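Colleague: For reference, the file protein31.txt (compact mmCIF, C-alpha atoms and all ligand atoms) is included below:
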```txt
# COMPACT_ATOMS: atom_id res chain seq x y z
CA MET A 596 -32.68 3.91 -0.07
CA ASP A 597 -31.46 3.25 -3.60
CA PHE A 598 -29.35 0.19 -4.35
CA GLU A 599 -28.80 1.03 -8.03
CA LEU A 600 -25.78 2.84 -9.45
CA ASN A 601 -26.70 6.20 -10.95
CA GLU A 602 -25.98 7.03 -14.59
CA THR A 603 -22.43 8.32 -14.02
CA GLN A 604 -21.53 5.43 -11.74
CA ALA A 605 -22.91 2.88 -14.19
CA LEU A 606 -20.99 4.51 -17.05
CA VAL A 607 -17.71 4.46 -15.11
CA ARG A 608 -18.31 0.84 -14.16
CA ARG A 609 -19.12 -0.16 -17.75
CA THR A 610 -16.08 1.69 -19.10
CA ALA A 611 -13.78 -0.02 -16.61
CA ARG A 612 -15.36 -3.40 -17.28
CA GLU A 613 -14.94 -3.14 -21.05
CA PHE A 614 -11.35 -1.98 -20.70
CA ALA A 615 -10.61 -4.79 -18.24
CA GLU A 616 -12.11 -7.42 -20.50
CA GLN A 617 -10.40 -6.17 -23.65
CA ARG A 618 -7.04 -4.92 -22.41
CA ILE A 619 -6.33 -6.36 -18.96
CA MET A 620 -7.72 -9.90 -18.67
CA PRO A 621 -5.88 -11.23 -21.74
CA LEU A 622 -2.55 -10.15 -20.19
CA ALA A 623 -3.12 -10.91 -16.51
CA ALA A 624 -1.60 -14.40 -16.42
CA GLU A 625 1.48 -13.27 -18.34
CA LEU A 626 1.97 -10.21 -16.13
CA ASP A 627 1.81 -12.48 -13.09
CA GLU A 628 4.14 -15.11 -14.54
CA HIS A 629 6.85 -12.59 -15.47
CA SER A 630 6.23 -10.16 -12.58
CA ARG A 631 5.91 -7.48 -15.23
CA PHE A 632 4.82 -3.96 -14.25
CA PRO A 633 1.74 -3.19 -16.39
CA SER A 634 2.91 0.19 -17.78
CA GLU A 635 0.85 0.11 -20.98
CA ILE A 636 -2.32 -0.86 -19.13
CA LEU A 637 -1.84 1.94 -16.59
CA ALA A 638 -1.41 4.43 -19.43
CA GLY A 639 -4.70 3.20 -20.91
CA LEU A 640 -6.43 3.54 -17.56
CA ALA A 641 -5.13 7.11 -17.23
CA GLU A 642 -6.62 7.93 -20.65
CA LEU A 643 -10.00 6.81 -19.31
CA GLY A 644 -9.74 8.99 -16.20
CA MET A 645 -9.18 6.02 -13.90
CA MET A 646 -6.12 7.50 -12.21
CA GLY A 647 -8.23 10.24 -10.69
CA VAL A 648 -11.79 8.95 -10.55
CA ASN A 649 -12.66 11.13 -7.56
CA LEU A 650 -10.48 14.11 -8.51
CA PRO A 651 -11.62 17.40 -10.06
CA THR A 652 -11.80 17.64 -13.83
CA ASP A 653 -9.69 20.82 -13.84
CA LEU A 654 -6.82 18.68 -12.54
CA GLY A 655 -7.47 15.96 -15.10
CA GLY A 656 -9.65 13.79 -12.90
CA ALA A 657 -13.01 12.25 -13.78
CA GLU A 658 -14.81 13.89 -10.82
CA ALA A 659 -17.11 10.87 -10.76
CA GLY A 660 -17.16 10.30 -6.99
CA VAL A 661 -16.22 7.56 -4.56
CA VAL A 662 -18.92 5.05 -5.49
CA SER A 663 -17.77 5.25 -9.12
CA TYR A 664 -14.21 4.78 -7.93
CA SER A 665 -15.21 1.64 -6.02
CA ALA A 666 -17.08 0.28 -9.05
CA ALA A 667 -14.11 0.96 -11.33
CA MET A 668 -11.70 -0.62 -8.86
CA GLN A 669 -13.84 -3.76 -8.68
CA GLU A 670 -13.80 -4.08 -12.46
CA VAL A 671 -10.05 -3.50 -12.83
CA ALA A 672 -9.31 -5.98 -10.02
CA ARG A 673 -11.58 -8.51 -11.70
CA GLY A 674 -9.13 -8.24 -14.61
CA CYS A 675 -5.82 -8.02 -12.74
CA ALA A 676 -5.30 -7.46 -9.03
CA SER A 677 -1.75 -6.12 -9.51
CA THR A 678 -2.94 -3.43 -11.92
CA ALA A 679 -5.74 -2.63 -9.48
CA VAL A 680 -3.47 -1.99 -6.50
CA THR A 681 -1.23 0.24 -8.60
CA MET A 682 -4.32 2.21 -9.65
CA ALA A 683 -5.62 2.27 -6.06
CA VAL A 684 -2.45 3.76 -4.62
CA THR A 685 -2.23 6.31 -7.44
CA ASN A 686 -5.81 7.45 -6.82
CA MET A 687 -5.12 7.61 -3.09
CA VAL A 688 -2.00 9.74 -3.61
CA GLY A 689 -3.91 12.12 -5.88
CA GLU A 690 -6.68 12.44 -3.31
CA VAL A 691 -4.24 13.10 -0.45
CA ILE A 692 -2.54 15.87 -2.43
CA ASN A 693 -5.91 17.30 -3.44
CA ALA A 694 -7.22 17.30 0.13
CA PHE A 695 -4.15 18.58 1.95
CA GLY A 696 -1.91 20.19 -0.67
CA SER A 697 -1.45 23.85 -1.52
CA ASP A 698 -2.72 25.09 -4.90
CA ALA A 699 0.85 24.92 -6.19
CA GLN A 700 1.28 21.31 -5.04
CA ARG A 701 -2.06 20.28 -6.51
CA GLU A 702 -1.35 21.96 -9.84
CA ARG A 703 2.18 20.61 -10.05
CA GLN A 704 1.46 16.96 -9.16
CA ILE A 705 -2.13 15.95 -9.77
CA PRO A 706 -2.32 16.48 -13.56
CA LYS A 707 0.78 14.31 -13.95
CA LEU A 708 -0.88 11.53 -11.95
CA THR A 709 -4.23 11.74 -13.70
CA SER A 710 -2.81 12.05 -17.23
CA GLY A 711 -0.44 9.12 -16.93
CA GLU A 712 2.65 11.33 -17.30
CA TYR A 713 3.60 9.69 -14.03
CA ALA A 714 3.23 5.91 -14.34
CA ALA A 715 1.93 5.87 -10.76
CA GLY A 716 1.97 7.55 -7.39
CA ALA A 717 3.37 6.00 -4.19
CA PHE A 718 2.43 6.17 -0.53
CA SER A 719 5.35 5.64 1.81
CA LEU A 720 4.23 5.24 5.41
CA SER A 721 5.42 1.78 6.54
CA GLU A 722 8.91 1.11 7.85
CA PRO A 723 10.77 -2.09 8.71
CA GLU A 724 9.96 -1.59 12.41
CA ALA A 725 6.67 0.32 12.03
CA GLY A 726 3.77 -1.33 10.22
CA SER A 727 0.55 -1.51 12.24
CA ASP A 728 1.96 1.18 14.50
CA PRO A 729 3.09 3.93 12.10
CA ALA A 730 3.51 6.39 14.98
CA GLY A 731 6.61 4.34 15.83
CA MET A 732 8.32 5.43 12.62
CA GLN A 733 11.98 6.48 12.70
CA THR A 734 12.53 8.25 9.39
CA GLN A 735 13.67 11.74 10.31
CA ALA A 736 13.14 15.02 8.52
CA THR A 737 15.63 17.63 9.73
CA LYS A 738 15.12 21.32 9.03
CA ILE A 739 17.78 22.83 6.80
CA ASP A 740 18.03 26.22 5.15
CA GLY A 741 15.11 26.49 2.69
CA GLY A 742 13.83 22.95 3.18
CA TRP A 743 14.17 19.58 4.86
CA SER A 744 16.60 16.68 4.78
CA LEU A 745 15.04 13.20 5.01
CA SER A 746 16.91 10.17 6.34
CA GLY A 747 15.68 6.70 7.10
CA GLN A 748 14.32 3.46 5.82
CA LYS A 749 10.87 2.83 4.33
CA GLN A 750 9.40 -0.60 3.63
CA TRP A 751 6.75 -2.08 1.32
CA VAL A 752 6.39 0.87 -1.03
CA THR A 753 3.96 -0.06 -3.80
CA SER A 754 5.30 1.36 -7.11
CA GLY A 755 8.29 2.78 -5.20
CA SER A 756 10.58 2.94 -8.22
CA GLU A 757 7.90 3.58 -10.84
CA ALA A 758 6.06 6.43 -9.16
CA GLY A 759 6.63 10.00 -10.31
CA VAL A 760 5.74 11.35 -6.89
CA MET A 761 5.63 9.82 -3.44
CA VAL A 762 3.90 10.94 -0.30
CA VAL A 763 6.46 10.23 2.42
CA TRP A 764 5.94 10.38 6.18
CA ALA A 765 8.78 11.38 8.49
CA ARG A 766 9.36 12.60 12.02
CA THR A 767 9.76 16.34 12.39
CA ASP A 768 10.14 16.30 16.17
CA SER A 769 13.61 16.14 17.64
CA ALA A 770 15.19 13.00 19.06
CA ASP A 771 15.32 14.47 22.57
CA ASP A 772 11.71 15.74 22.47
CA ARG A 773 9.55 13.05 20.90
CA GLN A 774 5.93 14.13 20.35
CA GLY A 775 4.37 10.77 19.43
CA HIS A 776 2.04 10.99 16.48
CA ARG A 777 2.10 14.79 16.67
CA GLY A 778 5.75 14.66 15.71
CA ILE A 779 5.04 13.26 12.24
CA SER A 780 4.74 15.27 9.03
CA CYS A 781 4.15 14.51 5.41
CA PHE A 782 6.31 15.37 2.38
CA LEU A 783 6.12 15.10 -1.38
CA VAL A 784 9.24 13.54 -2.86
CA GLU A 785 9.70 13.23 -6.60
CA GLN A 786 11.30 10.22 -8.26
CA GLY A 787 15.02 10.50 -8.83
CA ALA A 788 15.65 12.79 -5.83
CA ASP A 789 19.33 12.80 -4.86
CA GLY A 790 20.01 10.30 -2.08
CA LEU A 791 16.87 8.25 -2.68
CA GLU A 792 17.85 4.60 -3.02
CA VAL A 793 15.44 1.94 -4.25
CA GLY A 794 16.02 -1.52 -2.75
CA LYS A 795 15.44 -5.01 -4.13
CA LYS A 796 11.97 -5.72 -5.44
CA GLU A 797 10.05 -8.01 -3.07
CA ASP A 798 9.45 -11.56 -4.32
CA LYS A 799 5.79 -11.81 -3.35
CA LEU A 800 3.25 -14.64 -3.07
CA GLY A 801 0.76 -12.70 -5.19
CA LEU A 802 0.28 -9.32 -6.87
CA ARG A 803 3.42 -10.24 -8.71
CA ALA A 804 2.96 -7.61 -11.41
CA SER A 805 2.76 -4.83 -8.87
CA GLU A 806 6.02 -3.47 -7.63
CA THR A 807 6.83 -3.46 -3.91
CA VAL A 808 10.21 -2.11 -2.79
CA PRO A 809 12.03 -0.77 0.25
CA LEU A 810 13.38 2.76 0.00
CA THR A 811 16.35 4.30 1.75
CA PHE A 812 16.48 8.05 2.26
CA ASN A 813 20.11 9.18 2.53
CA ASP A 814 19.84 12.89 3.36
CA VAL A 815 17.26 13.46 0.63
CA GLU A 816 16.79 17.21 0.45
CA VAL A 817 13.42 18.69 -0.41
CA GLU A 818 12.36 22.32 -0.47
CA ASP A 819 10.05 23.92 2.08
CA ASP A 820 7.14 23.64 -0.32
CA ALA A 821 7.43 19.83 -0.28
CA LEU A 822 5.75 19.80 3.14
CA LEU A 823 2.20 18.51 2.61
CA GLY A 824 -0.34 19.94 5.05
CA GLU A 825 0.71 21.48 8.32
CA LEU A 826 3.81 20.62 10.27
CA GLY A 827 2.96 17.82 12.71
CA SER A 828 -0.29 16.85 10.96
CA GLY A 829 1.14 13.86 9.08
CA PHE A 830 -0.42 11.19 11.26
CA ARG A 831 -3.89 12.68 10.85
CA ILE A 832 -3.34 12.88 7.08
CA ALA A 833 -2.28 9.23 7.00
CA MET A 834 -5.32 8.07 8.97
CA MET A 835 -7.70 10.05 6.75
CA ALA A 836 -6.01 8.74 3.61
CA LEU A 837 -6.24 5.17 4.90
CA ASP A 838 -9.97 5.51 5.60
CA GLY A 839 -10.47 6.22 1.90
CA GLY A 840 -7.80 3.72 0.87
CA ARG A 841 -9.61 0.93 2.70
CA ILE A 842 -12.65 1.45 0.47
CA GLY A 843 -10.29 0.91 -2.47
CA ILE A 844 -8.86 -2.29 -1.01
CA ALA A 845 -12.32 -3.63 -0.14
CA SER A 846 -13.25 -2.97 -3.78
CA GLN A 847 -10.09 -4.68 -5.00
CA ALA A 848 -10.93 -7.76 -2.89
CA LEU A 849 -14.47 -7.73 -4.32
CA GLY A 850 -13.15 -7.64 -7.87
CA ILE A 851 -10.80 -10.58 -7.32
CA ALA A 852 -13.57 -12.55 -5.61
CA SER A 853 -16.02 -11.82 -8.45
CA ALA A 854 -13.58 -13.23 -10.98
CA ALA A 855 -12.98 -16.34 -8.86
CA LEU A 856 -16.70 -16.96 -8.36
CA GLU A 857 -17.48 -16.52 -12.06
CA GLU A 858 -14.78 -19.02 -12.93
CA ALA A 859 -16.03 -21.48 -10.31
CA ILE A 860 -19.59 -21.26 -11.66
CA ALA A 861 -18.45 -21.81 -15.26
CA TYR A 862 -16.22 -24.71 -14.27
CA SER A 863 -18.92 -26.38 -12.16
CA LYS A 864 -21.20 -26.49 -15.20
CA GLU A 865 -18.52 -27.97 -17.47
CA ARG A 866 -16.79 -30.44 -15.21
CA ARG A 867 -18.54 -33.81 -15.09
CA GLN A 868 -18.11 -36.49 -12.45
CA PHE A 869 -20.40 -39.42 -11.68
CA LYS A 870 -21.88 -38.81 -15.18
CA ARG A 871 -23.17 -35.31 -14.40
CA PRO A 872 -21.92 -31.75 -14.04
CA ILE A 873 -20.52 -31.16 -10.57
CA ALA A 874 -22.91 -28.15 -10.37
CA ASP A 875 -25.65 -30.76 -9.80
CA PHE A 876 -24.16 -31.67 -6.43
CA GLN A 877 -25.58 -29.87 -3.45
CA ALA A 878 -22.12 -29.54 -1.87
CA ILE A 879 -21.01 -27.46 -4.85
CA GLN A 880 -24.27 -25.47 -4.97
CA TRP A 881 -23.91 -24.50 -1.32
CA MET A 882 -20.38 -23.26 -1.87
CA ILE A 883 -21.63 -21.12 -4.76
CA ALA A 884 -24.59 -19.87 -2.71
CA ASP A 885 -22.38 -18.89 0.23
CA SER A 886 -19.92 -17.13 -2.07
CA GLN A 887 -22.66 -15.23 -3.89
CA THR A 888 -24.22 -14.11 -0.60
CA GLU A 889 -20.93 -13.00 0.92
CA LEU A 890 -19.98 -11.16 -2.25
CA GLU A 891 -23.23 -9.20 -2.21
CA ALA A 892 -22.95 -8.42 1.51
CA ALA A 893 -19.37 -7.22 1.05
CA ARG A 894 -20.40 -5.05 -1.90
CA LEU A 895 -23.17 -3.40 0.12
CA LEU A 896 -20.79 -2.61 2.99
CA THR A 897 -18.26 -1.22 0.53
CA TYR A 898 -20.75 0.97 -1.33
CA ARG A 899 -22.12 2.23 1.98
CA ALA A 900 -18.66 3.38 3.08
CA ALA A 901 -18.05 4.86 -0.38
CA ALA A 902 -21.39 6.71 -0.34
CA MET A 903 -20.63 8.12 3.13
CA LYS A 904 -17.25 9.40 1.99
CA GLU A 905 -18.82 10.86 -1.14
CA ALA A 906 -21.51 12.61 0.90
CA GLY A 907 -18.79 14.25 3.00
CA ALA A 908 -19.51 12.35 6.23
CA LYS A 909 -17.46 13.70 9.14
CA SER A 910 -16.21 10.21 9.91
CA PHE A 911 -16.53 6.96 8.00
CA SER A 912 -13.60 5.17 9.66
CA LYS A 913 -15.76 2.44 11.18
CA GLU A 914 -17.66 1.85 7.95
CA ALA A 915 -14.47 1.75 5.85
CA ALA A 916 -12.85 -0.65 8.31
CA SER A 917 -15.98 -2.86 8.35
CA ALA A 918 -16.05 -2.94 4.55
CA LYS A 919 -12.34 -3.74 4.35
CA VAL A 920 -12.27 -6.50 6.97
CA PHE A 921 -15.45 -8.15 5.73
CA ALA A 922 -14.70 -7.86 2.01
CA SER A 923 -11.10 -9.07 2.31
CA GLU A 924 -12.00 -12.04 4.50
CA ALA A 925 -15.06 -12.96 2.43
CA ALA A 926 -12.97 -12.66 -0.73
CA TRP A 927 -10.43 -15.05 0.72
CA ARG A 928 -13.18 -17.60 1.44
CA ILE A 929 -14.70 -17.08 -2.01
CA CYS A 930 -11.36 -17.63 -3.75
CA ASP A 931 -10.68 -20.68 -1.58
CA ARG A 932 -14.07 -22.19 -2.45
CA ALA A 933 -13.50 -21.42 -6.13
CA LEU A 934 -10.23 -23.33 -5.98
CA GLN A 935 -11.95 -26.20 -4.18
CA ILE A 936 -14.61 -26.37 -6.88
CA HIS A 937 -11.81 -26.74 -9.46
CA GLY A 938 -10.40 -29.72 -7.55
CA GLY A 939 -6.78 -30.49 -8.50
CA TYR A 940 -7.01 -28.20 -11.54
CA GLY A 941 -7.44 -25.26 -9.19
CA TYR A 942 -4.04 -25.91 -7.73
CA VAL A 943 -2.10 -25.36 -10.94
CA ARG A 944 -1.35 -22.22 -12.93
CA ASP A 945 -3.41 -23.28 -15.97
CA PHE A 946 -6.50 -22.00 -14.18
CA ALA A 947 -6.83 -18.41 -12.97
CA VAL A 948 -8.26 -19.35 -9.56
CA GLU A 949 -4.75 -20.25 -8.43
CA ARG A 950 -3.64 -16.66 -9.11
CA HIS A 951 -6.75 -15.19 -7.50
CA LEU A 952 -6.09 -17.07 -4.26
CA ARG A 953 -2.50 -15.79 -4.16
CA ASP A 954 -3.51 -12.25 -5.11
CA VAL A 955 -6.38 -11.89 -2.67
CA ARG A 956 -4.41 -12.86 0.44
CA VAL A 957 -2.71 -9.51 0.89
CA THR A 958 -6.00 -7.62 1.07
CA ARG A 959 -6.21 -8.88 4.68
CA ILE A 960 -2.81 -7.35 5.41
CA TYR A 961 -2.16 -4.03 3.67
CA GLU A 962 -3.73 -0.67 4.47
CA GLY A 963 -4.19 -2.10 7.95
CA THR A 964 -4.42 -5.79 8.84
CA SER A 965 -7.74 -7.42 9.74
CA GLU A 966 -6.72 -7.15 13.40
CA ILE A 967 -6.25 -3.39 13.05
CA GLN A 968 -9.61 -3.00 11.25
CA ARG A 969 -11.30 -4.81 14.15
CA THR A 970 -9.51 -2.51 16.57
CA VAL A 971 -10.84 0.54 14.68
CA ILE A 972 -14.38 -0.87 14.67
CA ALA A 973 -14.33 -1.91 18.33
CA ARG A 974 -12.93 1.45 19.43
CA SER A 975 -15.73 3.24 17.61
CA VAL A 976 -18.47 0.94 18.91
CA LEU A 977 -17.24 1.01 22.50
CA ARG A 978 -16.91 4.78 22.44
CA GLY A 979 -20.63 4.84 21.67
C1 LIG A 1001 2.31 -6.25 -0.99
C2 LIG A 1001 2.32 -5.16 0.03
C3 LIG A 1001 2.20 -3.84 -0.39
C4 LIG A 1001 2.23 -2.81 0.55
N1 LIG A 1001 2.16 -1.52 0.11
C5 LIG A 1001 2.37 -0.50 1.00
C6 LIG A 1001 2.49 0.84 0.56
O1 LIG A 1001 2.37 1.14 -0.63
N2 LIG A 1001 2.77 1.80 1.48
C7 LIG A 1001 2.91 1.53 2.80
O2 LIG A 1001 3.16 2.45 3.57
N3 LIG A 1001 2.79 0.24 3.27
C8 LIG A 1001 2.52 -0.76 2.38
N4 LIG A 1001 2.42 -2.07 2.84
C9 LIG A 1001 2.61 -2.33 4.26
C10 LIG A 1001 1.37 -2.80 4.98
O3 LIG A 1001 0.47 -1.77 5.15
C11 LIG A 1001 1.84 -3.45 6.30
O4 LIG A 1001 2.43 -4.68 5.95
C12 LIG A 1001 0.72 -3.66 7.28
O5 LIG A 1001 0.24 -2.43 7.77
C13 LIG A 1001 1.14 -4.53 8.47
O6 LIG A 1001 2.37 -4.10 9.00
P1 LIG A 1001 3.53 -5.16 9.25
O7 LIG A 1001 3.71 -5.93 8.00
O8 LIG A 1001 4.70 -4.43 9.79
O9 LIG A 1001 2.96 -6.14 10.34
P2 LIG A 1001 2.97 -5.92 11.93
O10 LIG A 1001 2.43 -4.58 12.26
O11 LIG A 1001 4.30 -6.28 12.46
O12 LIG A 1001 1.91 -7.00 12.38
C14 LIG A 1001 2.22 -8.38 12.55
C15 LIG A 1001 0.99 -9.08 13.12
O13 LIG A 1001 0.67 -8.52 14.40
C16 LIG A 1001 -0.66 -8.05 14.40
N5 LIG A 1001 -0.78 -6.86 15.23
C17 LIG A 1001 0.01 -5.76 15.23
N6 LIG A 1001 -0.44 -4.87 16.12
C18 LIG A 1001 -1.56 -5.39 16.67
C19 LIG A 1001 -2.52 -4.94 17.64
N7 LIG A 1001 -2.42 -3.74 18.20
N8 LIG A 1001 -3.53 -5.76 17.95
C20 LIG A 1001 -3.66 -6.98 17.37
N9 LIG A 1001 -2.80 -7.46 16.45
C21 LIG A 1001 -1.78 -6.67 16.10
C22 LIG A 1001 -0.97 -7.73 12.94
O14 LIG A 1001 -2.36 -7.70 12.69
C23 LIG A 1001 -0.26 -8.88 12.25
O15 LIG A 1001 -1.05 -10.02 12.28
C24 LIG A 1001 2.35 -3.11 1.92
C25 LIG A 1001 2.44 -4.45 2.34
C26 LIG A 1001 2.44 -5.46 1.42
C27 LIG A 1001 2.59 -6.87 1.88
```
Let me see the structure of the file written as structure tokens.
Ligand SMILES: Cc1cc2nc3c(=O)[nH]c(=O)nc-3n(C[C@H](O)[C@H](O)[C@H](O)COP(=O)(O)OP(=O)(O)OC[C@H]3O[C@@H](n4cnc5c(N)ncnc54)[C@H](O)[C@@H]3O)c2cc1C
Modeller:
Amino acid sequence: MDFELNETQALVRRTAREFAEQRIMPLAAELDEHSRFPSEILAGLAELGMMGVNLPTDLGGAEAGVVSYSAAMQEVARGCASTAVTMAVTNMVGEVINAFGSDAQRERQIPKLTSGEYAAGAFSLSEPEAGSDPAGMQTQATKIDGGWSLSGQKQWVTSGSEAGVMVVWARTDSADDRQGHRGISCFLVEQGADGLEVGKKEDKLGLRASETVPLTFNDVEVEDDALLGELGSGFRIAMMALDGGRIGIASQALGIASAALEEAIAYSKERRQFKRPIADFQAIQWMIADSQTELEAARLLTYRAAAMKEAGAKSFSKEAASAKVFASEAAWRICDRALQIHGGYGYVRDFAVERHLRDVRVTRIYEGTSEIQRTVIARSVLRG
């Protein structure tokens, strides 16, 4: 058992860390304050191969594997959580197209994602009435001559108006013969498609520089070759994509928590009360000790899931869910303790811990809530 990153993984991590420190961190507070989409940062990340860390080099990816991807995600999230989620979804979209797409789909879309020609990719599964239960989706794809016509409402689409390509899930069964999750298929829809309407940007608690929008599909017509994977296999594609995506979100949570803990440690050494640094107080030391321990435990779970995916494990659903639920909940506690260590100063925008606490909260919600992760884990354990 080897707990060290190999040479490639360490290089990817170092590259992401340097970029985050030089180009992302200095802008993170401003991006948050003005809810500004980080276009120039994303372009810089694409130049470094970060929009396709686990994608083949012949499609413009870095082909550096899943552990490298996790390490890079942690470093980018340490700099700016909004940038990190945009990068995470773009990597996920590239991987879905690579895994399930035809050669033509891969060659048409992936180089644009990895090169930064597309600012981002988007993943459109959730609907207003179907979040934890995506099989309850209503968006309908109807067969027409030479293609499909998509109608319905999607919700919570990260980078929905910025993305060059979106993976969109829709029902392909008929209203009078519903097939449950077997009646769902997956389509590639390019930005600017006729009939695609982008709704009002969500006014979020955190991740304010990432874009989250609802989308309305008003008879959006796509050609036959927009179908991704086999007809009726969309639910399986979504579940497989989310297994990998959860490693990304666990890594994002870890990155935010690392930043918060570092700031708490620095502050505890500077801030003096009762004529000594607050770091001298055992109450503060124990908070730091708990945070450090939880951060390391979460990182090990996350790298284990990443290593399993990288090794081609048949299933790593339980491990990805364990990493995601533990990392996101530990990260919340770590950010909360970091704010507590800052006292009143942690509650105002002058200190970054305030932003970290807002940003980290959603990691317990998206790509499956904590309750859904526990359901996935329990189902696997009980099945034996
Ligand atoms: C900022 C942001 C970005 C997002 N980006 C995307 C994106 O890019 N693409 C996309 O498709 N979606 C995206 N989402 C959607 C996200 O994945 C959903 O919000 C999430 O899956 C939960 O769905 P919901 O909000 O409808 O909550 P619901 O499913 O309505 O859940 C409400 C509550 O009920 C609980 N619950 C539901 N079912 C069960 C159950 N069986 N057992 C126990 N508890 C249960 C949930 O855990 C939760 O606490 C995003 C969400 C946010 C907030």
Colleague: List all protein, DNA and RNA residues that have any atom at most 9 Å from ligand LIG 1001 (chain A), counting only C-alpha atoms and all ligand atoms, and write the list as JSON, numbers by chain.
Modeller: {"A": [680, 681, 684, 717, 718, 719, 720, 721, 722, 723, 724, 725, 726, 727, 728, 729, 749, 750, 751, 752, 753, 754, 755, 763, 764, 797, 799, 800, 801, 802, 803, 805, 806, 807, 808, 957, 958, 959, 960, 961, 962, 963, 964, 965, 966, 967, 968, 969, 970]}
Colleague: Using all atoms listed in the file, can you tell me which of A:Lys707, A:Asp698, A:Ala804, A:Leu791 comes closest to Ile636 of chain A?
Modeller: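 Nearest candidate to Ile636 of chain A out of A:Lys707, A:Asp698, A:Ala804, A:Leu791: A:Ala804.
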Colleague: So how many Å separate atom CA of Arg866 of chain A and atom CA of Ala624 of chain A, to one decimal?
Modeller: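 Atom CA of Arg866 of chain A sits 22.1 Å away from atom CA of Ala624 of chain A.
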Colleague: For Met903 of chain A, which of A:Val793, A:Ala699, A:Val661, A:Gly716 is the closest residue, counting all atoms listed in the file?
Modeller: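 Nearest candidate to Met903 of chain A out of A:Val793, A:Ala699, A:Val661, A:Gly716: A:Val661.
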Colleague: Set the distance at 12 Å and use all atoms listed in the file: which residues neighbour Ala947 of chain A once local chain neighbours fewer than 6 positions away are removed? I'd like the list as a list of chain:residue names.
Modeller: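 That gives A:Met620, A:Pro621, A:Leu622, A:Ala623, A:Ala624, A:Glu625, A:Asp627, A:Glu628, A:Arg673, A:Gly674, A:Cys675, A:Ala676, A:Ile851, A:Ala852, A:Ala854, A:Ala855, A:Leu856, A:Glu857, A:Glu858, A:Ala859, A:Tyr862, A:Cys930, A:Ala933, A:Leu934, A:His937, A:Tyr940, A:Gly941, A:Arg953, A:Asp954.
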Colleague: Suppose you want the space between atom CA of Phe632 of chain A and atom CA of Pro809 of chain A; what is it in Å?
Modeller: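 If I compute the distance from atom CA of Phe632 of chain A to atom CA of Pro809 of chain A, I get 16.5 Å.
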Colleague: Tell me which residues come within 10 Å of (-0.2, 5.3, -20.9), as a PDB file with C-alpha atoms, keeping the file's coordinate frame, counting only C-alpha atoms in the file's coordinates.
Modeller:
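Result written to result-v3.pdb:
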```pdb
ATOM      1  CA  PRO A 633       1.740  -3.190 -16.390  1.00  0.00           C
ATOM      2  CA  SER A 634       2.910   0.190 -17.780  1.00  0.00           C
ATOM      3  CA  GLU A 635       0.850   0.110 -20.980  1.00  0.00           C
ATOM      4  CA  ILE A 636      -2.320  -0.860 -19.130  1.00  0.00           C
ATOM      5  CA  LEU A 637      -1.840   1.940 -16.590  1.00  0.00           C
ATOM      6  CA  ALA A 638      -1.410   4.430 -19.430  1.00  0.00           C
ATOM      7  CA  GLY A 639      -4.700   3.200 -20.910  1.00  0.00           C
ATOM      8  CA  LEU A 640      -6.430   3.540 -17.560  1.00  0.00           C
ATOM      9  CA  ALA A 641      -5.130   7.110 -17.230  1.00  0.00           C
ATOM     10  CA  GLU A 642      -6.620   7.930 -20.650  1.00  0.00           C
ATOM     11  CA  SER A 710      -2.810  12.050 -17.230  1.00  0.00           C
ATOM     12  CA  GLY A 711      -0.440   9.120 -16.930  1.00  0.00           C
ATOM     13  CA  GLU A 712       2.650  11.330 -17.300  1.00  0.00           C
ATOM     14  CA  TYR A 713       3.600   9.690 -14.030  1.00  0.00           C
ATOM     15  CA  ALA A 714       3.230   5.910 -14.340  1.00  0.00           C
TER      16      ALA A 714
END
```
Colleague: Take atom CA of Leu826 of chain A and atom CA of Asn686 of chain A and report the distance between them in Å, one decimal.
Modeller: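 Distance reported for this atom pair: 23.6 Å.
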